[in-house]
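Novice: Mind looking over this structure? Questions follow.
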Amino acid sequence: MSDTTTHLCLPYLLAAQAQKHVTHNEALRLLDAMVQLSVLDRTRPAPPASPADGDRHLVAPGATGLWTGWDLNVAFRVDGAWMRLVPRTGWLAWIAAEQAFAVWNGSAWTTFADAFGWIAPGPNVTIARGAGGGATGLAVQEELLSPLSGPSHGSTIVIPDRAIVLGVSTRTVEAITGATSFDCGIPGELGKFGGSLGTAPGSSNIGVIGPQAFYADTPIRLTANGADFTGGAVRIAVHTLTFESPGA
């Protein structure tokens with residue numbers, strides 16, 4: 001029989017063993033390090049200058065110093081020394097610096113979403129990818145247009161070339177002065193995503209359209225009604241489907 005357990009490599013107490021408490025305490029120390037695994041970060045290739053007992057890190061590639069050869073392993077500080085934990089496939093670790101989980105897949109620490117095929121919230125996410133690399137994504141771009149002035153105000157963000165637009169939403173975050181209302185659109189179609197929109201703080205609109213493909217980068221334009229803009233702020237969000245062509 002092996003001297004250690006199969007999965008966590010915890011030491012067994014052996015028959016007629018002296019100093020059994022030493023082996024037992026070693027097993028407890030390993031369990032304390034592994035169970036409910038939470039590490040501080042995964043960007044360090046070498047130990048920090050002033051570690052505290054109980055600190056744990058996922059060792060970055062290219063490990064040096066006391067962590068040499070520990071790439072992607074768990075470094076655990078205990079009793080004033082570093083202990084190495086070699087992860088097994090399926091280990092789950094909370095990374096405090098990223099406020100996210102990572103999963104060991106046998107060769108790398110990957111995101112929880114990637115490991116389980118979930119879609120993680122973000123401004124640009126892939127929802128489908130083919131074996132050759134072709135992909136379809138969903139994207140949201142946001143910009144605060146402030147201060148508004150003149151007859152119209154254009155955005156810096158654009159509807160991307162070769163994207164399909166689902167809509168553009170707006171929210172008035174600072175009272176608009178001068179104009180009595182405004183339209184949201186693009187050059188040539190000034191009210192495409194909404195007309196006569198409100199100037200009071202909190203006024204919002206979800207300018208949904210029939211999905212439309214765009215073949216050039218196209219900015220959003222807010223156009224004043226009644227008089228020119230003399231102040232105020234509007235946050236806009238452009239909602240699109242995005243595409244990646246397959247690789248070679």
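FYI, nothing fancy with the structure tokens labels: chains A, B, ... in order, residues from 1 per chain, ligands from 1 as they appear.
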List as a Markdown table every residue of region 54-78 of chain A that is in contact with region 85-109 of chain A, defined as an atom at most 10 Å from one of its atoms (using only C-alpha atoms), together with the nearest atom pair and the distance in Å rounded to one decimal, sorted by chain and then rising number.

Specialist:
| residue | atom | partner | partner_atom | distance |
| --- | --- | --- | --- | --- |
| A:Arg56 | CA | A:Ile95 | CA | 9.8 |
| A:His57 | CA | A:Ile95 | CA | 8.6 |
| A:Leu58 | CA | A:Ile95 | CA | 8.6 |
| A:Trp70 | CA | A:Val86 | CA | 8.2 |
| A:Asp71 | CA | A:Val86 | CA | 9.6 |
| A:Leu72 | CA | A:Ala108 | CA | 7.2 |
| A:Asn73 | CA | A:Val86 | CA | 5.2 |
| A:Val74 | CA | A:Leu85 | CA | 4.9 |
| A:Ala75 | CA | A:Leu85 | CA | 6.4 |
| A:Phe76 | CA | A:Leu85 | CA | 7.4 |

Novice: Those residues with N, CA, C and O atoms, as a compact mmCIF listing (two decimals), in the first residue's frame please?

Specialist:
# COMPACT_ATOMS: atom_id res chain seq x y z
N ARG A 56 -1.29 32.31 0.01
CA ARG A 56 -1.21 31.34 -1.09
C ARG A 56 -1.20 32.10 -2.41
O ARG A 56 -1.89 33.11 -2.56
N HIS A 57 -0.42 31.60 -3.36
CA HIS A 57 -0.31 32.20 -4.68
C HIS A 57 -0.30 31.09 -5.73
O HIS A 57 0.22 29.99 -5.47
N LEU A 58 -0.87 31.37 -6.91
CA LEU A 58 -0.62 30.52 -8.08
C LEU A 58 0.66 31.06 -8.71
O LEU A 58 0.72 32.22 -9.11
N TRP A 70 8.26 25.62 -9.85
CA TRP A 70 6.89 25.55 -9.35
C TRP A 70 5.88 26.19 -10.29
O TRP A 70 4.76 26.51 -9.88
N ASP A 71 6.21 26.42 -11.53
CA ASP A 71 5.32 27.08 -12.47
C ASP A 71 3.90 26.50 -12.40
O ASP A 71 3.72 25.28 -12.49
N LEU A 72 2.92 27.39 -12.22
CA LEU A 72 1.48 27.07 -12.22
C LEU A 72 1.05 26.23 -11.02
O LEU A 72 -0.11 25.83 -10.93
N ASN A 73 1.96 25.95 -10.09
CA ASN A 73 1.60 25.26 -8.86
C ASN A 73 1.12 26.28 -7.81
O ASN A 73 1.20 27.49 -8.02
N VAL A 74 0.65 25.76 -6.70
CA VAL A 74 0.22 26.60 -5.59
C VAL A 74 1.37 26.73 -4.60
O VAL A 74 1.92 25.70 -4.15
N ALA A 75 1.75 27.95 -4.27
CA ALA A 75 2.76 28.20 -3.24
C ALA A 75 2.03 28.61 -1.97
O ALA A 75 1.25 29.57 -1.98
N PHE A 76 2.29 27.88 -0.87
CA PHE A 76 1.58 28.07 0.39
C PHE A 76 2.61 28.41 1.47
O PHE A 76 3.56 27.67 1.70

Novice: Assign secondary structure with DSSP using the backbone only, and return the residues of region 81-175 of chain A in strand (DSSP E) as a ChimeraX atom specification.

Specialist: /A:81-85,92-95,100-104,109-111,124-129,135-145,152-159,163-175

Novice: Can you spit out the residues from that selection as an mmCIF file, in the first residue's frame, using C-alpha atoms?

Specialist:
data_model
loop_
_atom_site.group_PDB
_atom_site.id
_atom_site.type_symbol
_atom_site.label_atom_id
_atom_site.label_comp_id
_atom_site.auth_asym_id
_atom_site.auth_seq_id
_atom_site.Cartn_x
_atom_site.Cartn_y
_atom_site.Cartn_z
ATOM 1 C CA ALA A 81 8.482 28.474 4.874
ATOM 2 C CA TRP A 82 6.986 27.897 1.418
ATOM 3 C CA MET A 83 5.184 24.645 0.660
ATOM 4 C CA ARG A 84 4.444 23.494 -2.890
ATOM 5 C CA LEU A 85 1.059 22.050 -3.861
ATOM 6 C CA LEU A 92 -10.937 25.225 -8.309
ATOM 7 C CA ALA A 93 -9.257 28.355 -6.929
ATOM 8 C CA TRP A 94 -10.611 31.782 -6.037
ATOM 9 C CA ILE A 95 -8.178 34.499 -7.172
ATOM 10 C CA ALA A 100 -12.790 35.437 -10.127
ATOM 11 C CA PHE A 101 -12.519 31.648 -10.076
ATOM 12 C CA ALA A 102 -9.975 29.653 -12.074
ATOM 13 C CA VAL A 103 -10.031 25.924 -12.860
ATOM 14 C CA TRP A 104 -6.986 23.687 -13.409
ATOM 15 C CA TRP A 109 -5.520 27.636 -15.000
ATOM 16 C CA THR A 110 -8.490 28.682 -17.111
ATOM 17 C CA THR A 111 -11.444 30.908 -16.366
ATOM 18 C CA ASN A 124 -17.569 42.004 -25.892
ATOM 19 C CA VAL A 125 -18.263 38.276 -25.539
ATOM 20 C CA THR A 126 -18.065 35.359 -27.945
ATOM 21 C CA ILE A 127 -21.235 33.288 -28.016
ATOM 22 C CA ALA A 128 -20.229 30.782 -30.701
ATOM 23 C CA ARG A 129 -16.903 29.669 -32.198
ATOM 24 C CA ALA A 135 -16.866 33.345 -34.292
ATOM 25 C CA THR A 136 -20.018 35.302 -33.527
ATOM 26 C CA GLY A 137 -20.125 37.740 -30.641
ATOM 27 C CA LEU A 138 -22.280 40.232 -28.811
ATOM 28 C CA ALA A 139 -20.883 43.663 -28.002
ATOM 29 C CA VAL A 140 -21.927 46.805 -26.132
ATOM 30 C CA GLN A 141 -20.017 50.056 -26.482
ATOM 31 C CA GLU A 142 -20.813 52.995 -24.208
ATOM 32 C CA GLU A 143 -19.875 56.664 -24.235
ATOM 33 C CA LEU A 144 -20.886 59.738 -22.237
ATOM 34 C CA LEU A 145 -21.526 62.647 -24.603
ATOM 35 C CA SER A 152 -25.678 68.274 -33.009
ATOM 36 C CA HIS A 153 -23.140 66.205 -31.119
ATOM 37 C CA GLY A 154 -21.316 63.173 -32.541
ATOM 38 C CA SER A 155 -19.851 60.176 -30.742
ATOM 39 C CA THR A 156 -16.286 58.944 -30.668
ATOM 40 C CA ILE A 157 -17.380 55.314 -30.579
ATOM 41 C CA VAL A 158 -18.699 53.921 -33.831
ATOM 42 C CA ILE A 159 -20.892 51.182 -35.143
ATOM 43 C CA ALA A 163 -21.275 44.520 -37.608
ATOM 44 C CA ILE A 164 -25.022 44.041 -37.314
ATOM 45 C CA VAL A 165 -26.715 46.672 -35.159
ATOM 46 C CA LEU A 166 -29.538 45.630 -32.861
ATOM 47 C CA GLY A 167 -30.115 49.091 -31.428
ATOM 48 C CA VAL A 168 -28.710 52.165 -29.713
ATOM 49 C CA SER A 169 -29.953 53.110 -26.245
ATOM 50 C CA THR A 170 -29.691 56.483 -24.530
ATOM 51 C CA ARG A 171 -30.036 57.955 -21.047
ATOM 52 C CA THR A 172 -30.014 61.644 -20.153
ATOM 53 C CA VAL A 173 -27.696 61.859 -17.147
ATOM 54 C CA GLU A 174 -27.519 65.648 -16.866
ATOM 55 C CA ALA A 175 -30.381 67.992 -17.796
#

Novice: Identify, on the basis of only C-alpha atoms, every residue whose closest approach to Pro45 (chain A) does not exceed 8 Å; exclude the query and any residue fewer than 5 positions from it along the same chain; express the result as a list of chain:residue names.

Specialist: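 Counting only the stated atoms, we get A:Val59, A:Ala60, A:Pro61, A:Gly62, A:Ala63, A:Thr64, A:Trp67, A:Asp71.
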
Novice: Go ahead and write the selection's residues with all heavy atoms as a PDB file, in the first residue's frame.

Specialist:
ATOM      1  N   VAL A  59       1.677  30.223  -8.804  1.00  0.00           N
ATOM      2  CA  VAL A  59       2.981  30.669  -9.282  1.00  0.00           C
ATOM      3  C   VAL A  59       2.928  30.912 -10.788  1.00  0.00           C
ATOM      4  O   VAL A  59       2.484  30.049 -11.556  1.00  0.00           O
ATOM      5  CB  VAL A  59       4.067  29.637  -8.940  1.00  0.00           C
ATOM      6  CG1 VAL A  59       5.425  30.107  -9.432  1.00  0.00           C
ATOM      7  CG2 VAL A  59       4.097  29.393  -7.431  1.00  0.00           C
ATOM      8  N   ALA A  60       3.378  32.096 -11.212  1.00  0.00           N
ATOM      9  CA  ALA A  60       3.375  32.452 -12.635  1.00  0.00           C
ATOM     10  C   ALA A  60       4.458  31.675 -13.386  1.00  0.00           C
ATOM     11  O   ALA A  60       5.441  31.214 -12.788  1.00  0.00           O
ATOM     12  CB  ALA A  60       3.599  33.956 -12.791  1.00  0.00           C
ATOM     13  N   PRO A  61       4.315  31.523 -14.705  1.00  0.00           N
ATOM     14  CA  PRO A  61       5.362  30.859 -15.504  1.00  0.00           C
ATOM     15  C   PRO A  61       6.707  31.582 -15.362  1.00  0.00           C
ATOM     16  O   PRO A  61       6.756  32.789 -15.141  1.00  0.00           O
ATOM     17  CB  PRO A  61       4.825  30.962 -16.925  1.00  0.00           C
ATOM     18  CG  PRO A  61       3.341  31.061 -16.769  1.00  0.00           C
ATOM     19  CD  PRO A  61       3.133  31.868 -15.522  1.00  0.00           C
ATOM     20  N   GLY A  62       7.790  30.816 -15.481  1.00  0.00           N
ATOM     21  CA  GLY A  62       9.120  31.386 -15.350  1.00  0.00           C
ATOM     22  C   GLY A  62       9.525  31.591 -13.910  1.00  0.00           C
ATOM     23  O   GLY A  62      10.256  32.533 -13.588  1.00  0.00           O
ATOM     24  N   ALA A  63       9.065  30.700 -13.029  1.00  0.00           N
ATOM     25  CA  ALA A  63       9.317  30.858 -11.601  1.00  0.00           C
ATOM     26  C   ALA A  63      10.810  30.873 -11.285  1.00  0.00           C
ATOM     27  O   ALA A  63      11.605  30.155 -11.902  1.00  0.00           O
ATOM     28  CB  ALA A  63       8.637  29.729 -10.827  1.00  0.00           C
ATOM     29  N   THR A  64      11.174  31.695 -10.295  1.00  0.00           N
ATOM     30  CA  THR A  64      12.573  31.836  -9.900  1.00  0.00           C
ATOM     31  C   THR A  64      12.692  31.780  -8.378  1.00  0.00           C
ATOM     32  O   THR A  64      11.700  31.760  -7.657  1.00  0.00           O
ATOM     33  CB  THR A  64      13.163  33.173 -10.396  1.00  0.00           C
ATOM     34  OG1 THR A  64      12.409  34.258  -9.822  1.00  0.00           O
ATOM     35  CG2 THR A  64      13.098  33.277 -11.909  1.00  0.00           C
ATOM     36  N   TRP A  67      10.828  29.548  -5.613  1.00  0.00           N
ATOM     37  CA  TRP A  67       9.733  28.929  -6.370  1.00  0.00           C
ATOM     38  C   TRP A  67      10.202  28.304  -7.684  1.00  0.00           C
ATOM     39  O   TRP A  67       9.369  27.877  -8.494  1.00  0.00           O
ATOM     40  CB  TRP A  67       8.655  29.965  -6.677  1.00  0.00           C
ATOM     41  CG  TRP A  67       7.873  30.427  -5.482  1.00  0.00           C
ATOM     42  CD1 TRP A  67       7.941  29.958  -4.204  1.00  0.00           C
ATOM     43  CD2 TRP A  67       6.875  31.451  -5.466  1.00  0.00           C
ATOM     44  NE1 TRP A  67       7.066  30.623  -3.382  1.00  0.00           N
ATOM     45  CE2 TRP A  67       6.391  31.554  -4.129  1.00  0.00           C
ATOM     46  CE3 TRP A  67       6.348  32.301  -6.425  1.00  0.00           C
ATOM     47  CZ2 TRP A  67       5.408  32.465  -3.758  1.00  0.00           C
ATOM     48  CZ3 TRP A  67       5.365  33.207  -6.059  1.00  0.00           C
ATOM     49  CH2 TRP A  67       4.900  33.296  -4.733  1.00  0.00           C
ATOM     50  N   ASP A  71       6.213  26.416 -11.526  1.00  0.00           N
ATOM     51  CA  ASP A  71       5.318  27.084 -12.467  1.00  0.00           C
ATOM     52  C   ASP A  71       3.904  26.502 -12.396  1.00  0.00           C
ATOM     53  O   ASP A  71       3.716  25.279 -12.487  1.00  0.00           O
ATOM     54  CB  ASP A  71       5.827  26.930 -13.898  1.00  0.00           C
ATOM     55  CG  ASP A  71       7.144  27.641 -14.140  1.00  0.00           C
ATOM     56  OD1 ASP A  71       7.921  27.774 -13.171  1.00  0.00           O
ATOM     57  OD2 ASP A  71       7.387  28.056 -15.289  1.00  0.00           O
TER      58      ASP A  71
END

Novice: Within 10 Å of Ala248 (chain A), counting only C-alpha atoms, which residues qualify if same-chain residues fewer than 2 places away don't, as an MDAnalysis selection string?

Specialist: chainID A and resid 132:133 245:246

Novice: In Å, with one decimal, what is the gap from CA of Ser203 (chain A) to CA of Gly185 (chain A)?

Specialist: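 Distance between the two atoms: 16.7 Å.
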
Novice: Quick one: of A:Gly247, A:Pro201, A:Gly178, A:Gly210, who's nearest to Ala224 (chain A), counting only C-alpha atoms?

Specialist: A:Gly178

Novice: Name the closest residue to Glu244 (chain A) among the candidates A:Gly232, A:Gly134, A:Gly194, A:Gly150; distances are taken between atoms, counting only C-alpha atoms.

Specialist: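 Of A:Gly232, A:Gly134, A:Gly194, A:Gly150, the one nearest Glu244 (chain A) is A:Gly134, counting only C-alpha atoms.
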
Novice: Could you give me, as a list of chain:residue names, the residues within 12 Å of His24 (chain A), counting only C-alpha atoms and dropping anything in the same chain fewer than 5 positions from it?

Specialist: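 The residues satisfying every condition are A:Thr4, A:Leu10, A:Pro11, A:Tyr12, A:Leu13, A:Leu14, A:Gln17, A:Ala18, A:Gln19, A:Arg29, A:Leu30, A:Leu31.
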
Novice: What is the distance, in Å and to one decimal place, between CA of Ala46 (chain A) and CA of Met34 (chain A)?

Specialist: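 The value is 20.4 Å.
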
Novice: What does the distance between CA of Leu241 (chain A) and CA of Ala131 (chain A) come to in Å, to one decimal place?

Specialist: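 For CA of Leu241 (chain A) relative to CA of Ala131 (chain A), the distance reads 19.7 Å.
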
Novice: Could you pull the residues within 6 Å of Ser181 (chain A), counting only C-alpha atoms, minus those fewer than 4 positions along the same chain, as a PDB file with C-alpha atoms, in the first residue's frame?

Specialist:
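Once written, result.pdb looks like this:
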ATOM      1  CA  SER A 196     -38.069  63.731 -29.684  1.00  0.00           C
ATOM      2  CA  LEU A 197     -36.240  62.170 -26.745  1.00  0.00           C
ATOM      3  CA  GLY A 198     -36.459  63.655 -23.255  1.00  0.00           C
ATOM      4  CA  THR A 199     -34.096  66.293 -21.848  1.00  0.00           C
ATOM      5  CA  ASN A 225     -34.726  69.997 -31.598  1.00  0.00           C
TER       6      ASN A 225
END

Novice: DSSP says helix (DSSP H, G or I) for which residues of region 7-231 of chain A? Put them as an MDAnalysis selection string?

Specialist: chainID A and resid 20:34 65:67 112:116

Novice: For Asp228 (chain A), please output as a count of residues only all residues within 10 Å (counting only C-alpha atoms; exclusion window: fewer than 5 positions along the same chain).

Specialist: 11
